[in-house]
Every structure is written in structure tokens, then in C-alpha cells.
Amino acid sequence: MDPKHRSRGITDGRDRAGARAMFKAVGFTDSDLSKPIIGVANTWIETMPCNFHLRRLSAKVKEGIRASGGTPMEFNTIAISDGETMGTEGMRASLVSREIIADSIELVCRGQMFDAVVCVVGCDKTIPAAAMALARMNLPGLVLYGGTIAPGSYKGKDVTIQDVFEAVGANAAGKITDNDLRELENVACPGAGACGGQYTANTMSTVMEMIGLSPMGFNSVPAMDPAKDQVAFDCGKLVMDLLKNGTTARDILVRQAFENAIAGVAATGGSTNAVLHLLAIAREAGVPLDIDDFQEVSERTPLLADLKPSGRFVATDMHRAGGVRLLARRLLRGKHIHPEPRTVTGLTIRSETESAQETPGQEVIAPLEKPLKATGGLVILRGNLAPEGCVAKISGHERLSHRGPARVFESEEEAMAAVTAKKIRPGDVVVIRNEGPKGGPGMREMLSVTGAIVGEGLGESVALLTDGRFSGATHGLMMGHVSPEAALGGPIAAVHQDDTIHIDVNQRVLEIEVSDAALHQRLSEWKPPEPRYPNGVFAKYAALVSSASEGAITRAAKSN
């Protein structure tokens with residue numbers, strides 16, 4: 001591959017004198033413009049700790065590119081903080097931002113005709129968005145995750161943002177004081193980096209290493225670890241190798257790589273959001289992947305990593321224990337992942353695991369012979385309430401069946417008010433609808449509600465289902481991504497107050513105990529709600545978004 005296979009079109013020849021003049025206005029020289037032009041997509045933003053340190057890392061990436069004979073050009077995207085917007089209208093922007101981030105990376109790379117790209121990412125949606133953009137463009141490129149935050153310390157215990165959300169429920173129940181809550185919030189997030197448990201950001205970081213778009217061992221270096229600067233510099237060098245070798249994103253994103261990524265999620269008790277994001281990346285890469293594939297891979301993959309939200313440890317602990325490389329070696333030895341897919345380093349997964357180093361006495365990653373659970377945490381349920389499926393995360397601590405009366409809410413705010421007013425009782429099934437990709441729009445996460453349920457002591461006795469999403473910090477018997485969603489006339493739209501809902505994880509069933517005829521009659525009388533947003537970005541998104549069972553990607557409107 002010509003290293004300037006794309007950028008020659010914008011830098012070379014007499015007719016491009018005007019472009020060169022403008023590049024020179026911002027400091028680029030003829031020597032710079034004669035080299036391959038490498039985009040550095042930086043998702044830095046000053047609104048959250050997850051991405052706050054990415055300017056420093058992008059500078060190191062650019063140093064690595066220059067040292068290897070390329071010319072870096074940095075550009076920014078947007079980003080939305082899931083943790084900060086949780087429980088507010090702002091959370092509707094989160095999933096929408098995934099599409100806009102992917103679109104903006106694609107647009108700048110296509111418009112500026114970059115030869116390759118490094119995507120520097122942090123908070124939840126920036127990671128899959130970067131992978132989606134790489135898959136669309138099929139350029140040489142890679143993803144660098146900015147790294148996890150260090151845990152906070154409260155009364156001698158490690159704490160994360162999850163503890164704060166659950167403390168809100170505990171405070172509402174009178175179990176802790178206002179002062180206790182304030183003390184916890186003051187120490188839970190001690191600096192830059194993404195949320196510390198195996199929540200969505202660290203789950204998708206694991207996915208990027210397991211699928212091969214990030215160099216194995218790079219992402220798990222914590223955000224403020226001094227070694228992260230060297231990691232970023234090495235990514236700048238590595239993208240030049242990808243360009244020289246002509247290795248593009250779709251060379252990495254093969255079907256077996258996706259199965260390895262799913263196994264990584266299952267083995268670490270990762271976020272249910274990985275289902276949504278991997279389906280989206282697969283659609284962009286043209287790789288066949290179905291929601292039921294997650295069930296199949298999860299059933300054959302043991303849960304090995306003892307990570308929050310259900311376990312004891314955080315991502316920094318896993319890094320010190322041996323990281324994703326050690327996890328992959330365990331899974332490879334048990335024949336739970338495919339050995340041959342290649343990564344952006346040029347090495348196969350098998351070769352990458354050969355350098356794994358396990359810290360003596362570590363307890364984070366269990367031995368293959370003594371898994372925390374024989375199968376992974378992802379479970380796909382179907383039934384008359386979810387014909388296209390829904391997603392649950394089962395850590396092994398939850399009860400596996402539940403039958404109870406529906407408590408129906410038309411929004412997350414309604415449900416949150418009921419929980420904090422102590423109107424939810426043991427045995428109830430909380431149903432939150434019209435929060436799906438189209439109906440929300442934007443498919444909000446429900447950590448405020450699930451955290452409050454757990455904080456009030458109802459986590460072991462109440463189930464929840466929604467056409468919205470859950471945070472990676474959610475735990476308990478919670479079913480999300482119920483599809484089709486209510487706004488599309490899915491059966492969840494026909495649930496009435498006090499209907500009996502039956503959940504059986506072992507049988508993978510989610511059903512409402514009414515007759516088929518009654519359910520059909522209810523749906524025939526259903527009328528779609530008025531859109532929450534008649535114009536603007538949310539209206540555009542609602543018009544173009546697909547079902548959660550297909551990754552909630554946006555598609556061009558079909559012509560007549």
C-alpha cells in the first residue's frame with residue numbers, strides 16, 4: 001500500500017497549491033506534507049474525568065507518529081458523560097452521541113483524506129463509536145483507551161461511582177445520613193479516568209483488546225499511571241506499521257474476533273451494553289452477528305474475573321493481576337476463544353497471550369479449574385414480552401426466577417419517584433417503557449433507578465425490565481433492551497398494571513401471563529405516543545434508528 005494512498009489527493013500536485021498554502025498557515029511544512037497524514041481522533045472534553053486527560057495522551061500519540069515518519073493531524077469529537085447525565089433528560093444524548101462520534105470521525109477522515117487514524121477514547125460511547133468509524137472506512141487504524149480511574153477510599157474500603165448511586169437509595173431509605181452521602185461523593189472519583197468497575201467503559205476496553213483493535217495490554221494501563229504515556233507513544237508508532245503493511249480494520253474485525261470479544265465480556269461479568277455495541281460494530285463491518293450469538297458464546301465461557309459491580313475488585317486490580325493478556329491465556333487454554341485472529345500488533349491472539357505474566361497470589365482472575373461461575377454472565381431471554389430478545393447480566397448471585405405483579409411506568413423519572421417514595425414492594429416487577437432507541441429517544445441507562453432499588457434493600461426481591469438500557473454498574477435481576485420497544489408497538493407497550501410477569505433465567509423466558517388473544521387485542525388498540533421531540537437531533541435520531549436487537553444503529557431512510 002502506498003503510505004500516502006489517500007492524502008496525495010489533498011497535498012500533491014500543482015492544483016493542490018491552495019490546500020498546501022492553508023496547511024502552511026497552521027505550521028505544516030513541505031516536508032510534513034510529503035509524509036503520510038495520520039488523523040488523531042481525540043475525544044477530549046472538559047465535562048468528565050473519563051476523557052479529561054486525553055490531550056496529554058494524544059500529544060504522545062503524535063510524538064510516536066512523527067518518530068515513525070508520519071505527520072499527525074489532531075481533531076476533536078463530541079462526548080457525553082453517562083455518569084453525570086444518569087437519571088436526567090441529558091442521558092437521552094448518550095447513545096445518540098455514539099452515532100455522532102462515529103459520523104464525525106468518519107467525516108473528518110474522509111474529508112481530510114487521512115491515510116490512517118488513531119482514535120483516543122474514554123467514556124462509554126466513544127469506544128464503540130471509534131470502532132464503528134474504523135469499520136466503515138476500513139482504514140489502517142487502532143483504538144487507544146485512556147484508561148480507568150483509580151478507586152476512591154471511603155471508611156477504609158475501595159469505592160467507585162456505583163457506590164454513590166446505590167448510596168442515593170440508601171439515603172432515601174434513611175439508612176445513611178446526608179453527610180455520609182456527601183462524604184462518599186467527595187472521595188469516590190479521585191482523578192481522571194473512566195469509571196473503575198467492569199462497567200461499560202472498561203467492558204468495551206476489554207472488547208477492544210480481545211477483538212484486536214487495541215494492542216493487548218495497552219488499554220488496561222490506568223489513566224494516571226506514568227506508563228500510559230509510553231503506551232500512547234507506542235500507538236503512534238504502531239499505526240505507521242499498520243499503514244506500511246496495508247492492514248485495515250476489516251482485516252482485524254472477522255467473525256472469530258467478535259466471538260473472542262463476546263467471550264471477554266462473558267468472562268469478566270461485563271456490561272450488557274456490550275451486546276448493543278458489538279452488534280453495531282458488526283453491522284458496520286459487514287460481519288454476520290445475531291443477538292443469540294451472545295447466548296451461545298456466554299454458555300461456553302466461564303466467568304473468571306471477580307470484578308465490580310457484582311465482584312470484589314476494580315479494573316486497576318485486574319491490571320496489576322495480569323490484565324486482559326492473562327485472562328485471554330486462561331480462555332485460550334480452556335479452548336473458549338479462537339487462537340488465530342490477528343490484532344493490530346500483527347500478532348495472533350495466541351502469540352499475544354504467550355507473554356502474559358500473573359502476579360503471584362492475585363485473586364482477581366480465577367484459575368480455569370475453579371471459575372467463579374461455569375458460564376458467562378450474559379443471558380438472552382425471549383418470550384411473548386420480548387419476541388426479538390432482551391439482555392440480562394447474571395453474576396451467579398441473583399435468583400434465577402421471579403413471578404410478580406407489574407408496576408408500569410412510562411418513563412425513568414416516574415419509576416425513580418416511585419422507588420424513592422417507597423411505593424415499590426418486595427416481589428414487584430418494575431416495568432419502564434418508552435425509553436427505547438426510538439421512544440426515548442436514545443435508550444437511557446437506568447442506573448439511578450436500579451441503584452436506588454439496591455440501595456433501598458430491594459435488590460434481592462424486585463425485578464426490573466425496560467426497553468431502555470442499563471449501566472455496566474447495574475446488578476440484580478434486571479432485563480434491558482426489551483425488543484421490539486414500546487414505541488414500535490412491541491408487547492411491552494401492552495403490559496397493564498398488576499399483570500403477572502414471569503422470568504425464568506434457566507429457561508431464558510420473559511413472559512406476561514395473559515392469553516395470546518388478549519395480548520393481540522391490547523396491541524391492536526395501542527396507539528403510538530407523540531414523539532417527545534418534534535425536531536432537532538433527537539427527532540432525526542428517532543426517525544433513523546433501528547431496533548436494539550440490531551445494535552440501535554442509524555440507517556439512511558429508504559427511498560420509495
# chains A, B, ... in the order shown; residues from 1 in each chain; ligands from 1

call {"tool": "residues_around", "arguments": {"residues": "Thr420 of chain A", "least_positions_apart": "3", "cutoff": "9 Å", "atoms": "only C-alpha atoms", "output": "PyMOL selection string"}}
result
chain A and resi 169+172-173+415-417+423-424+449+452-453+456

call {"tool": "residues_around", "arguments": {"residues": "Arg342 of chain A", "least_positions_apart": "5", "cutoff": "12 Å", "atoms": "only C-alpha atoms", "output": "number ranges by chain"}}
result
A: 209-216, 247-258, 260, 347-352

call {"tool": "residues_around", "arguments": {"residues": "segment 471-486 of chain A", "least_positions_apart": "2", "cutoff": "6 Å", "atoms": "only C-alpha atoms", "output": "PyMOL selection string"}}
result
chain A and resi 162+199-200+271+309+386+388-392+398+434+436+445+447+459+463-469+488-490+492-493+548

call {"tool": "closest_residue", "arguments": {"among": "A:Glu340, A:Glu363, A:Asp241, A:Asp292", "to": "Ser68 of chain A", "atoms": "only C-alpha atoms"}}
result
A:Asp241

call {"tool": "closest_residue", "arguments": {"among": "A:Pro36, A:Met91, A:Glu74, A:Arg66", "to": "Ala116 of chain A", "atoms": "only C-alpha atoms"}}
result
A:Pro36
